[in-house]
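S.K.: Contents are compact mmCIF, C-alpha atoms; file name entry19.txt:
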```
# COMPACT_ATOMS: atom_id res chain seq x y z
CA MET R 99 0.00 0.00 0.00
CA ASN R 100 1.57 3.25 -1.14
CA ALA R 101 0.66 6.80 -0.15
CA VAL R 102 1.11 9.52 -2.71
CA GLY R 103 0.23 13.17 -3.26
CA GLY R 104 -1.50 15.62 -0.96
CA ARG R 105 -0.61 19.15 0.04
CA GLU R 106 1.01 19.84 3.39
CA ARG R 107 -1.25 21.24 6.10
CA THR R 108 -0.36 22.82 9.40
CA GLY R 109 -1.21 21.60 12.90
CA ASP R 110 -1.22 18.29 14.76
CA GLY R 111 -4.92 17.53 14.65
CA TRP R 112 -6.73 14.37 13.70
CA THR R 113 -5.73 12.29 10.70
CA ILE R 114 -8.87 11.32 8.81
CA VAL R 115 -8.91 8.27 6.53
CA VAL R 116 -11.77 8.10 4.01
CA PRO R 117 -12.29 4.72 2.30
CA VAL R 118 -13.89 4.64 -1.16
CA LYS R 119 -14.83 1.47 -3.00
CA SER R 120 -14.00 1.02 -6.65
CA LEU R 121 -16.61 2.96 -8.60
CA ASP R 122 -17.79 -0.07 -10.54
CA ARG R 123 -18.85 -1.68 -7.24
CA ALA R 124 -19.69 1.23 -4.96
CA LYS R 125 -23.34 1.71 -3.94
CA SER R 126 -24.56 -1.17 -6.09
CA ARG R 127 -27.86 -1.23 -4.16
CA LEU R 128 -28.73 2.11 -5.74
CA GLY R 129 -28.72 0.45 -9.16
CA SER R 130 -32.51 0.06 -9.16
CA THR R 131 -32.91 3.84 -8.87
CA LEU R 132 -29.88 5.37 -10.56
CA SER R 133 -28.16 4.64 -13.85
CA PRO R 134 -24.56 3.39 -13.63
CA ASP R 135 -23.24 6.84 -14.55
CA SER R 136 -25.50 8.58 -12.02
CA ARG R 137 -24.53 6.12 -9.31
CA ARG R 138 -20.83 6.65 -9.96
CA GLY R 139 -21.38 10.39 -10.07
CA LEU R 140 -23.15 10.32 -6.71
CA VAL R 141 -20.30 8.36 -5.11
CA VAL R 142 -17.76 10.88 -6.38
CA ALA R 143 -19.97 13.77 -5.25
CA MET R 144 -20.50 12.44 -1.72
CA THR R 145 -16.79 11.69 -1.40
CA THR R 146 -16.02 15.23 -2.50
CA ASP R 147 -18.35 16.70 0.10
CA VAL R 148 -17.08 14.47 2.93
CA VAL R 149 -13.42 15.20 2.17
CA THR R 150 -14.18 18.93 1.85
CA ALA R 151 -15.83 18.86 5.28
CA CYS R 152 -12.76 17.15 6.71
CA LEU R 153 -10.40 19.67 5.14
CA HIS R 154 -12.35 22.57 6.62
CA SER R 155 -12.61 21.21 10.16
CA GLN R 156 -10.31 23.02 12.58
CA GLN R 157 -9.62 19.72 14.36
CA VAL R 158 -8.22 17.96 11.28
CA GLY R 159 -4.55 18.07 10.38
CA ARG R 160 -4.36 15.47 7.63
CA VAL R 161 -6.73 13.68 5.24
CA ARG R 162 -6.05 10.61 3.17
CA ILE R 163 -8.29 8.66 0.81
CA VAL R 164 -7.96 4.87 0.51
CA SER R 165 -9.17 3.30 -2.73
CA SER R 166 -8.23 1.03 -5.60
CA ASP R 167 -9.95 3.22 -8.18
CA PRO R 168 -7.78 5.44 -10.44
CA GLU R 169 -10.60 7.97 -10.79
CA ILE R 170 -10.63 8.39 -7.02
CA ALA R 171 -6.86 8.91 -7.14
CA VAL R 172 -7.44 11.79 -9.55
CA LEU R 173 -10.12 13.17 -7.24
CA ALA R 174 -7.75 13.00 -4.27
CA ASP R 175 -5.16 14.98 -6.18
CA ARG R 176 -7.73 17.58 -7.20
CA LEU R 177 -8.91 17.97 -3.60
CA GLY R 178 -5.36 18.17 -2.31
CA THR R 179 -5.45 15.06 -0.13
CA GLU R 180 -3.14 12.12 0.23
CA PHE R 181 -4.10 9.01 -1.76
CA VAL R 182 -3.40 5.50 -0.52
CA ALA R 183 -3.64 2.79 -3.15
CA GLU R 184 -5.55 -0.18 -1.77
CA THR R 185 -3.93 -3.55 -2.41
CA PRO R 186 -5.98 -6.76 -2.36
CA PRO R 187 -5.43 -9.19 0.54
CA ASP R 188 -3.49 -12.39 -0.02
CA PRO R 189 -5.51 -15.07 -1.86
CA GLY R 190 -7.10 -17.63 0.41
CA THR R 191 -7.45 -15.33 3.42
CA ASP R 192 -10.85 -14.65 4.97
CA VAL R 193 -9.98 -11.07 5.89
CA ASP R 194 -12.46 -8.47 4.65
CA PRO R 195 -10.62 -6.42 1.99
CA LEU R 196 -11.92 -3.06 3.23
CA ASN R 197 -10.98 -3.70 6.86
CA ALA R 198 -7.60 -5.10 5.85
CA ALA R 199 -6.85 -2.03 3.72
CA LEU R 200 -7.98 0.37 6.44
CA THR R 201 -6.10 -1.37 9.22
CA GLU R 202 -2.96 -1.23 7.07
CA ALA R 203 -3.56 2.44 6.26
CA LEU R 204 -3.88 3.27 9.97
CA ALA R 205 -0.86 1.26 11.08
CA GLY R 206 1.81 3.84 10.34
CA LEU R 207 -0.04 6.89 11.60
CA THR R 208 0.71 8.71 14.84
CA GLY R 209 -1.58 10.76 17.04
CA ARG R 210 -5.35 10.74 16.88
CA VAL R 211 -6.81 8.96 13.85
CA ALA R 212 -10.27 8.32 12.48
CA VAL R 213 -12.03 6.53 9.66
CA VAL R 214 -14.93 8.52 8.17
CA ALA R 215 -17.31 6.99 5.64
CA ALA R 216 -17.46 8.63 2.22
CA ASP R 217 -21.26 8.48 1.95
CA LEU R 218 -22.32 11.17 4.43
CA PRO R 219 -23.59 14.01 2.22
CA GLU R 220 -24.99 16.01 5.15
CA LEU R 221 -21.65 16.18 6.96
CA ASP R 222 -20.15 19.65 7.25
CA ALA R 223 -17.04 20.96 8.96
CA GLN R 224 -18.88 22.27 12.00
CA SER R 225 -20.67 18.98 12.67
CA LEU R 226 -17.47 17.00 12.17
CA THR R 227 -15.60 19.27 14.56
CA ARG R 228 -18.22 18.63 17.27
CA VAL R 229 -17.94 14.89 16.67
CA LEU R 230 -14.14 15.01 16.90
CA ASP R 231 -14.31 17.05 20.10
CA SER R 232 -16.48 14.32 21.61
CA ALA R 233 -14.25 11.52 20.31
CA ALA R 234 -11.15 13.12 21.82
CA GLY R 235 -12.44 12.18 25.28
CA HIS R 236 -12.35 8.41 24.61
CA PRO R 237 -9.52 6.02 23.70
CA HIS R 238 -11.74 4.39 21.06
CA SER R 239 -15.20 5.45 19.93
CA VAL R 240 -17.67 5.15 17.05
CA VAL R 241 -20.68 6.78 15.44
CA VAL R 242 -23.48 4.29 14.77
CA ASP R 243 -25.43 4.70 11.54
CA HIS R 244 -29.06 5.77 11.44
CA ARG R 245 -30.23 2.16 11.27
CA GLY R 246 -28.51 1.33 14.54
CA GLU R 247 -26.39 -1.56 13.25
CA GLY R 248 -23.61 -0.17 11.07
CA THR R 249 -20.81 2.30 11.75
CA THR R 250 -20.12 5.50 9.86
CA MET R 251 -17.08 6.69 11.83
CA ALA R 252 -14.47 5.11 14.08
CA PHE R 253 -11.97 7.01 16.22
CA TRP R 254 -8.76 6.16 18.04
CA ALA R 255 -7.60 8.96 20.34
CA GLY R 256 -4.94 6.84 22.04
CA GLY R 257 -4.38 3.58 23.84
CA ALA R 258 -6.68 1.25 21.87
CA ALA R 259 -5.61 -1.12 19.11
CA ARG R 260 -6.48 0.26 15.69
CA VAL R 261 -8.55 -2.59 14.29
CA CYS R 262 -11.24 -1.82 11.72
CA ARG R 263 -14.50 -3.77 12.00
CA PHE R 264 -16.71 -2.23 9.32
CA GLY R 265 -19.40 -4.39 7.74
CA PRO R 266 -22.56 -6.18 8.92
CA ARG R 267 -23.36 -5.52 12.61
CA SER R 268 -20.18 -3.50 12.91
CA ALA R 269 -21.55 -1.28 15.70
CA GLU R 270 -21.97 -4.30 17.95
CA ARG R 271 -18.55 -5.69 17.05
CA TYR R 272 -16.84 -2.37 17.70
CA ARG R 273 -18.46 -2.22 21.13
CA ILE R 274 -18.00 -5.85 22.18
CA GLU R 275 -14.76 -6.84 20.46
CA GLY R 276 -13.03 -3.46 20.47
CA GLY R 277 -14.43 -1.85 23.60
CA ALA R 278 -15.49 1.23 21.65
CA THR R 279 -17.68 3.94 23.17
CA VAL R 280 -20.75 5.00 21.19
CA LEU R 281 -20.58 8.79 21.03
CA ASP R 282 -23.43 10.76 22.58
CA LEU R 283 -23.93 13.64 20.15
CA ASP R 284 -26.39 16.50 19.79
CA ASP R 285 -29.16 15.99 17.24
CA THR R 286 -27.55 18.06 14.49
CA ALA R 287 -24.13 16.44 14.70
CA ARG R 288 -25.59 12.96 15.09
CA GLY R 289 -27.82 13.37 12.04
CA ALA R 290 -25.03 14.64 9.81
CA ALA R 291 -22.61 11.96 11.05
CA SER R 292 -24.96 8.98 10.98
CA ARG R 293 -27.14 9.34 7.88
CA ASP R 294 -25.20 7.40 5.28
CA VAL R 295 -26.59 6.62 1.84
CA ASP R 296 -26.83 2.92 0.97
CA ILE R 297 -30.28 2.22 -0.49
CA PRO R 298 -32.80 4.14 -2.63
CA GLU R 299 -34.82 5.15 0.46
CA ASP R 300 -31.77 6.97 1.79
CA VAL R 301 -31.65 9.10 -1.36
CA VAL R 302 -35.36 9.92 -1.01
CA ARG R 303 -34.81 10.99 2.61
CA LEU R 304 -32.28 13.60 1.48
CA ALA R 305 -35.12 15.70 0.06
CA GLY R 306 -35.11 19.15 1.61
CA ARG R 307 -32.00 18.53 3.70
CA ARG R 308 -28.73 20.49 3.66
CA VAL R 309 -26.09 18.61 1.72
CA GLY R 310 -22.77 19.50 0.15
CA ALA R 311 -22.65 21.35 -3.15
CA ALA R 312 -21.37 18.34 -5.11
CA THR R 313 -24.17 16.08 -3.88
CA ALA R 314 -26.78 18.71 -4.68
CA ARG R 315 -25.47 18.89 -8.25
CA ALA R 316 -25.43 15.09 -8.56
CA LEU R 317 -29.08 14.72 -7.49
CA PRO R 318 -30.94 17.55 -9.24
CA GLY R 319 -34.23 15.61 -9.44
CA VAL R 320 -34.87 15.18 -5.71
CA SER R 321 -38.10 16.80 -4.55
CA PRO R 322 -38.30 19.02 -2.58
CA PRO R 323 -34.94 20.32 -3.79
CA LEU R 324 -31.83 19.74 -1.76
CA ASP R 325 -30.55 22.65 0.32
CA CYS R 326 -27.08 23.24 -1.10
CA ARG R 327 -24.45 24.00 1.52
CA ASP R 328 -21.29 25.93 0.71
CA HIS R 329 -18.20 25.16 2.77
CA PRO R 330 -16.52 28.26 4.22
CA ARG R 331 -12.80 28.45 3.70
CA SER R 332 -10.92 27.78 6.94
CA ALA R 333 -8.24 30.24 8.01
CA THR R 334 -6.14 27.30 9.23
CA MET R 335 -5.90 25.67 5.81
CA VAL R 336 -2.71 25.86 3.77
CA TRP R 337 -2.94 24.95 0.09
```
Can I see the file as structure tokens?
M.R.:
Amino acid sequence: MNAVGGRERTGDGWTIVVPVKSLDRAKSRLGSTLSPDSRRGLVVAMTTDVVTACLHSQQVGRVRIVSSDPEIAVLADRLGTEFVAETPPDPGTDVDPLNAALTEALAGLTGRVAVVAADLPELDAQSLTRVLDSAAGHPHSVVVDHRGEGTTMAFWAGGAARVCRFGPRSAERYRIEGGATVLDLDDTARGAASRDVDIPEDVVRLAGRRVGAATARALPGVSPPLDCRDHPRSATMVW
């Protein structure tokens, strides 16, 4: 796994790792609602909005994207983030490829680190900052998705082994196997941090909500229209 690119940023804040599946496989359950091109475009748009939110959070010092897709590598370069090329696990192993790639990506990092899902179009810098402030008080913590079973974010502020457990019933496995704390967030931060987009109903529920500019452009037909959010430029950012 090789890390390339990215512009230097100041500070010693959180390192955020954003995993993105290959675009030919990502969000396949949206295939009944969106065309292949629209589905791919939505994945790129949500990733753009999530990474932009990370870059504008005052608590974040470094952002890296993990993916095997060359188009996502181009996106990472355009956004000014580090790109980590995902390598497949050894044949014959039963290790989940995503968790293996993420665990490897986290292994060499120092300080406070987090994994943030790429499909959180309502996430903005302010909400993420509140989540990170809460996570800083726990050695290991998670944000549970809006269905109550999955995990949208995982945090390691120190002391706990950095093992990724994303996938079916991941919230339970993070708590029981990893000893993670489920973060108690205010309604606004919890909504933005937990409402991931996996199935057509999730797209419908975005109607009328505030989402990032890229997502709003990718889903022009949602009714009522999406409330497009512009990200303010942070004074702490160095491009």
S.K.: With distances taken over all atoms listed in the file, which residue among R:Ala199, R:Leu283, R:Leu207, R:Ala305 lies nearest Leu230 of chain R?
M.R.: R:Leu283
S.K.: With only C-alpha atoms as the basis for distance, which of R:Cys262, R:Leu281, R:Ile114, R:Ile274 is at the shortest distance from His236 of chain R?
M.R.: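 Checking each of R:Cys262, R:Leu281, R:Ile114, R:Ile274 against His236 of chain R, counting only C-alpha atoms, the winner is R:Leu281.
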S.K.: Name the residues in contact with segment 286-292 of chain R at a cut-off of 6 Å, using all atoms listed in the file, excluding same-chain residues fewer than 5 positions from it; report them as a VMD selection string.
M.R.: chain R and resid 220 to 221 225 243 to 244
S.K.: Using only C-alpha atoms, which residues sit within 12 Å of Ala278 of chain R once same-chain residues fewer than 6 positions away are excluded, as a PDB file with C-alpha atoms, keeping the file's coordinate frame?
M.R.:
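Saved result, part-v4.pdb, follows:
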```
ATOM      1  CA  ALA R 233     -14.250  11.520  20.310  1.00  0.00           C
ATOM      2  CA  GLY R 235     -12.440  12.180  25.280  1.00  0.00           C
ATOM      3  CA  HIS R 236     -12.350   8.410  24.610  1.00  0.00           C
ATOM      4  CA  PRO R 237      -9.520   6.020  23.700  1.00  0.00           C
ATOM      5  CA  HIS R 238     -11.740   4.390  21.060  1.00  0.00           C
ATOM      6  CA  SER R 239     -15.200   5.450  19.930  1.00  0.00           C
ATOM      7  CA  VAL R 240     -17.670   5.150  17.050  1.00  0.00           C
ATOM      8  CA  VAL R 241     -20.680   6.780  15.440  1.00  0.00           C
ATOM      9  CA  VAL R 242     -23.480   4.290  14.770  1.00  0.00           C
ATOM     10  CA  THR R 249     -20.810   2.300  11.750  1.00  0.00           C
ATOM     11  CA  MET R 251     -17.080   6.690  11.830  1.00  0.00           C
ATOM     12  CA  ALA R 252     -14.470   5.110  14.080  1.00  0.00           C
ATOM     13  CA  PHE R 253     -11.970   7.010  16.220  1.00  0.00           C
ATOM     14  CA  TRP R 254      -8.760   6.160  18.040  1.00  0.00           C
ATOM     15  CA  ALA R 255      -7.600   8.960  20.340  1.00  0.00           C
ATOM     16  CA  GLY R 256      -4.940   6.840  22.040  1.00  0.00           C
ATOM     17  CA  GLY R 257      -4.380   3.580  23.840  1.00  0.00           C
ATOM     18  CA  ALA R 258      -6.680   1.250  21.870  1.00  0.00           C
ATOM     19  CA  ALA R 259      -5.610  -1.120  19.110  1.00  0.00           C
ATOM     20  CA  ARG R 260      -6.480   0.260  15.690  1.00  0.00           C
ATOM     21  CA  VAL R 261      -8.550  -2.590  14.290  1.00  0.00           C
ATOM     22  CA  CYS R 262     -11.240  -1.820  11.720  1.00  0.00           C
ATOM     23  CA  ARG R 263     -14.500  -3.770  12.000  1.00  0.00           C
ATOM     24  CA  SER R 268     -20.180  -3.500  12.910  1.00  0.00           C
ATOM     25  CA  ALA R 269     -21.550  -1.280  15.700  1.00  0.00           C
ATOM     26  CA  GLU R 270     -21.970  -4.300  17.950  1.00  0.00           C
ATOM     27  CA  ARG R 271     -18.550  -5.690  17.050  1.00  0.00           C
ATOM     28  CA  TYR R 272     -16.840  -2.370  17.700  1.00  0.00           C
TER      29      TYR R 272
END
```
S.K.: Kindly indicate which residue among R:Ala311, R:Leu304, R:Val229, R:Leu317 lies nearest to Gln156 of chain R, using only C-alpha atoms for the distances.
M.R.: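 Between R:Ala311, R:Leu304, R:Val229, R:Leu317, the residue approaching Gln156 of chain R most closely is R:Val229.
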S.K.: To one decimal place in Å, what is the distance between atom CA of Ala198 of chain R and atom CA of Lys125 of chain R?
M.R.: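 One can read the atom CA of Ala198 of chain R to atom CA of Lys125 of chain R distance as 19.7 Å.
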S.K.: So, counting only C-alpha atoms, which residue among R:Pro318, R:Gly159, R:Pro195, R:Gly129 is closest to Val115 of chain R?
M.R.: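 Nearest candidate to Val115 of chain R out of R:Pro318, R:Gly159, R:Pro195, R:Gly129: R:Gly159.
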S.K.: May I have the protein, DNA and RNA residues with any atom at most 7 Å from the point (-6.1, 8.9, 5.1), counting only C-alpha atoms, written as a PyMOL selection string?
M.R.: chain R and resi 113-116+161-164+180
S.K.: Of the candidates R:Arg245, R:Arg176, R:Arg160, R:Arg267, which one gets nearest to Gly209 of chain R if we count all atoms listed in the file?
M.R.: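 Smallest separation from Gly209 of chain R among the options: R:Arg160.
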S.K.: Looking at all atoms listed in the file, which of R:Leu177, R:Val280, R:Ala234, R:Leu140 is the one that sits closest to His154 of chain R?
M.R.: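 Among the listed residues, R:Leu177 lies closest to His154 of chain R.
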S.K.: Which value, in Å to one decimal, gives the distance between atom CA of Thr279 of chain R and atom CA of Ala124 of chain R?
M.R.: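 Spanning atom CA of Thr279 of chain R to atom CA of Ala124 of chain R is a straight-line distance of 28.3 Å.
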S.K.: Atom CA of Ala216 of chain R to atom CA of Thr145 of chain R: how many Å, to one decimal?
M.R.: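 A separation of 4.8 Å between them.
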S.K.: List the neighbours of Ser166 of chain R out to 9 Å using only C-alpha atoms; skip same-chain residues closer than 5 positions along the sequence, and give me the result as a PDB file with C-alpha atoms, in the frame of the given file.
M.R.:
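The result, written out as result15.pdb:
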```pdb
ATOM      1  CA  VAL R 118     -13.890   4.640  -1.160  1.00  0.00           C
ATOM      2  CA  LYS R 119     -14.830   1.470  -3.000  1.00  0.00           C
ATOM      3  CA  SER R 120     -14.000   1.020  -6.650  1.00  0.00           C
ATOM      4  CA  ALA R 171      -6.860   8.910  -7.140  1.00  0.00           C
ATOM      5  CA  VAL R 182      -3.400   5.500  -0.520  1.00  0.00           C
ATOM      6  CA  ALA R 183      -3.640   2.790  -3.150  1.00  0.00           C
ATOM      7  CA  GLU R 184      -5.550  -0.180  -1.770  1.00  0.00           C
ATOM      8  CA  THR R 185      -3.930  -3.550  -2.410  1.00  0.00           C
ATOM      9  CA  PRO R 186      -5.980  -6.760  -2.360  1.00  0.00           C
TER      10      PRO R 186
END
```
S.K.: Find the residues around Val301 of chain R up to 10 Å (only C-alpha atoms counted), leave out those fewer than 6 positions away in its own chain, and share them as JSON, numbers by chain.
M.R.: {"R": [128, 131, 294, 295, 317, 320]}
S.K.: Report, as AutoDock Vina command-line options, the axis-aligned box around all atoms of segment 216-227 of chain R present in the file, extended by 8 Å on each side; give centre and edge lengths in Å to one decimal place.
M.R.:
```
--center_x -20.3 --center_y 15.4 --center_z 8.3 --size_x 25.4 --size_y 29.8 --size_z 28.6
```
S.K.: Could you add the missing atoms to segment 221-232 of chain R, up to all heavy atoms, and return them as a PDB file, in the coordinates of the input?
M.R.:
```pdb
ATOM      1  N   LEU R 221     -22.743  15.818   6.066  1.00  0.00           N
ATOM      2  CA  LEU R 221     -21.650  16.180   6.960  1.00  0.00           C
ATOM      3  C   LEU R 221     -21.034  17.504   6.546  1.00  0.00           C
ATOM      4  O   LEU R 221     -20.716  17.714   5.379  1.00  0.00           O
ATOM      5  CB  LEU R 221     -20.589  15.086   6.949  1.00  0.00           C
ATOM      6  CG  LEU R 221     -19.468  15.226   7.985  1.00  0.00           C
ATOM      7  CD1 LEU R 221     -20.001  15.020   9.403  1.00  0.00           C
ATOM      8  CD2 LEU R 221     -18.342  14.237   7.681  1.00  0.00           C
ATOM      9  N   ASP R 222     -20.868  18.413   7.507  1.00  0.00           N
ATOM     10  CA  ASP R 222     -20.150  19.650   7.250  1.00  0.00           C
ATOM     11  C   ASP R 222     -19.039  19.794   8.280  1.00  0.00           C
ATOM     12  O   ASP R 222     -18.925  19.001   9.216  1.00  0.00           O
ATOM     13  CB  ASP R 222     -21.082  20.864   7.252  1.00  0.00           C
ATOM     14  CG  ASP R 222     -21.817  21.053   8.569  1.00  0.00           C
ATOM     15  OD1 ASP R 222     -21.442  20.416   9.579  1.00  0.00           O
ATOM     16  OD2 ASP R 222     -22.777  21.830   8.601  1.00  0.00           O
ATOM     17  N   ALA R 223     -18.207  20.802   8.102  1.00  0.00           N
ATOM     18  CA  ALA R 223     -17.040  20.960   8.960  1.00  0.00           C
ATOM     19  C   ALA R 223     -17.424  21.198  10.413  1.00  0.00           C
ATOM     20  O   ALA R 223     -16.777  20.685  11.336  1.00  0.00           O
ATOM     21  CB  ALA R 223     -16.176  22.112   8.453  1.00  0.00           C
ATOM     22  N   GLN R 224     -18.481  21.965  10.634  1.00  0.00           N
ATOM     23  CA  GLN R 224     -18.880  22.270  12.000  1.00  0.00           C
ATOM     24  C   GLN R 224     -19.368  21.016  12.727  1.00  0.00           C
ATOM     25  O   GLN R 224     -19.010  20.775  13.887  1.00  0.00           O
ATOM     26  CB  GLN R 224     -19.978  23.344  12.005  1.00  0.00           C
ATOM     27  CG  GLN R 224     -19.518  24.721  11.547  1.00  0.00           C
ATOM     28  CD  GLN R 224     -19.348  24.820  10.031  1.00  0.00           C
ATOM     29  OE1 GLN R 224     -19.887  24.005   9.276  1.00  0.00           O
ATOM     30  NE2 GLN R 224     -18.579  25.805   9.589  1.00  0.00           N
ATOM     31  N   SER R 225     -20.186  20.215  12.052  1.00  0.00           N
ATOM     32  CA  SER R 225     -20.670  18.980  12.670  1.00  0.00           C
ATOM     33  C   SER R 225     -19.512  18.023  12.933  1.00  0.00           C
ATOM     34  O   SER R 225     -19.434  17.404  14.003  1.00  0.00           O
ATOM     35  CB  SER R 225     -21.703  18.313  11.762  1.00  0.00           C
ATOM     36  OG  SER R 225     -22.857  19.113  11.636  1.00  0.00           O
ATOM     37  N   LEU R 226     -18.609  17.889  11.976  1.00  0.00           N
ATOM     38  CA  LEU R 226     -17.470  17.000  12.170  1.00  0.00           C
ATOM     39  C   LEU R 226     -16.610  17.461  13.333  1.00  0.00           C
ATOM     40  O   LEU R 226     -16.136  16.641  14.128  1.00  0.00           O
ATOM     41  CB  LEU R 226     -16.633  16.928  10.890  1.00  0.00           C
ATOM     42  CG  LEU R 226     -15.372  16.068  10.977  1.00  0.00           C
ATOM     43  CD1 LEU R 226     -15.720  14.617  11.300  1.00  0.00           C
ATOM     44  CD2 LEU R 226     -14.565  16.149   9.690  1.00  0.00           C
ATOM     45  N   THR R 227     -16.406  18.763  13.453  1.00  0.00           N
ATOM     46  CA  THR R 227     -15.600  19.270  14.560  1.00  0.00           C
ATOM     47  C   THR R 227     -16.227  18.900  15.902  1.00  0.00           C
ATOM     48  O   THR R 227     -15.524  18.504  16.844  1.00  0.00           O
ATOM     49  CB  THR R 227     -15.448  20.799  14.447  1.00  0.00           C
ATOM     50  OG1 THR R 227     -14.696  21.102  13.270  1.00  0.00           O
ATOM     51  CG2 THR R 227     -14.731  21.380  15.658  1.00  0.00           C
ATOM     52  N   ARG R 228     -17.559  19.010  16.015  1.00  0.00           N
ATOM     53  CA  ARG R 228     -18.220  18.630  17.270  1.00  0.00           C
ATOM     54  C   ARG R 228     -18.058  17.143  17.540  1.00  0.00           C
ATOM     55  O   ARG R 228     -17.865  16.721  18.687  1.00  0.00           O
ATOM     56  CB  ARG R 228     -19.695  19.014  17.226  1.00  0.00           C
ATOM     57  CG  ARG R 228     -19.928  20.518  17.196  1.00  0.00           C
ATOM     58  CD  ARG R 228     -21.322  20.883  17.668  1.00  0.00           C
ATOM     59  NE  ARG R 228     -22.362  20.385  16.788  1.00  0.00           N
ATOM     60  CZ  ARG R 228     -22.780  21.019  15.691  1.00  0.00           C
ATOM     61  NH1 ARG R 228     -22.207  22.167  15.326  1.00  0.00           N
ATOM     62  NH2 ARG R 228     -23.749  20.525  14.963  1.00  0.00           N
ATOM     63  N   VAL R 229     -18.131  16.328  16.497  1.00  0.00           N
ATOM     64  CA  VAL R 229     -17.940  14.890  16.670  1.00  0.00           C
ATOM     65  C   VAL R 229     -16.512  14.594  17.138  1.00  0.00           C
ATOM     66  O   VAL R 229     -16.292  13.799  18.066  1.00  0.00           O
ATOM     67  CB  VAL R 229     -18.234  14.141  15.349  1.00  0.00           C
ATOM     68  CG1 VAL R 229     -17.902  12.661  15.485  1.00  0.00           C
ATOM     69  CG2 VAL R 229     -19.699  14.309  14.955  1.00  0.00           C
ATOM     70  N   LEU R 230     -15.533  15.238  16.521  1.00  0.00           N
ATOM     71  CA  LEU R 230     -14.140  15.010  16.900  1.00  0.00           C
ATOM     72  C   LEU R 230     -13.856  15.489  18.317  1.00  0.00           C
ATOM     73  O   LEU R 230     -13.088  14.857  19.051  1.00  0.00           O
ATOM     74  CB  LEU R 230     -13.213  15.715  15.908  1.00  0.00           C
ATOM     75  CG  LEU R 230     -13.214  15.154  14.481  1.00  0.00           C
ATOM     76  CD1 LEU R 230     -12.370  16.040  13.567  1.00  0.00           C
ATOM     77  CD2 LEU R 230     -12.714  13.723  14.452  1.00  0.00           C
ATOM     78  N   ASP R 231     -14.469  16.584  18.721  1.00  0.00           N
ATOM     79  CA  ASP R 231     -14.310  17.050  20.100  1.00  0.00           C
ATOM     80  C   ASP R 231     -14.813  16.004  21.079  1.00  0.00           C
ATOM     81  O   ASP R 231     -14.201  15.767  22.125  1.00  0.00           O
ATOM     82  CB  ASP R 231     -15.082  18.363  20.307  1.00  0.00           C
ATOM     83  CG  ASP R 231     -14.386  19.564  19.680  1.00  0.00           C
ATOM     84  OD1 ASP R 231     -13.175  19.458  19.397  1.00  0.00           O
ATOM     85  OD2 ASP R 231     -15.057  20.590  19.478  1.00  0.00           O
ATOM     86  N   SER R 232     -15.939  15.374  20.749  1.00  0.00           N
ATOM     87  CA  SER R 232     -16.480  14.320  21.610  1.00  0.00           C
ATOM     88  C   SER R 232     -15.587  13.089  21.602  1.00  0.00           C
ATOM     89  O   SER R 232     -15.317  12.489  22.648  1.00  0.00           O
ATOM     90  CB  SER R 232     -17.898  13.954  21.151  1.00  0.00           C
ATOM     91  OG  SER R 232     -18.449  12.927  21.940  1.00  0.00           O
TER      92      SER R 232
END
```
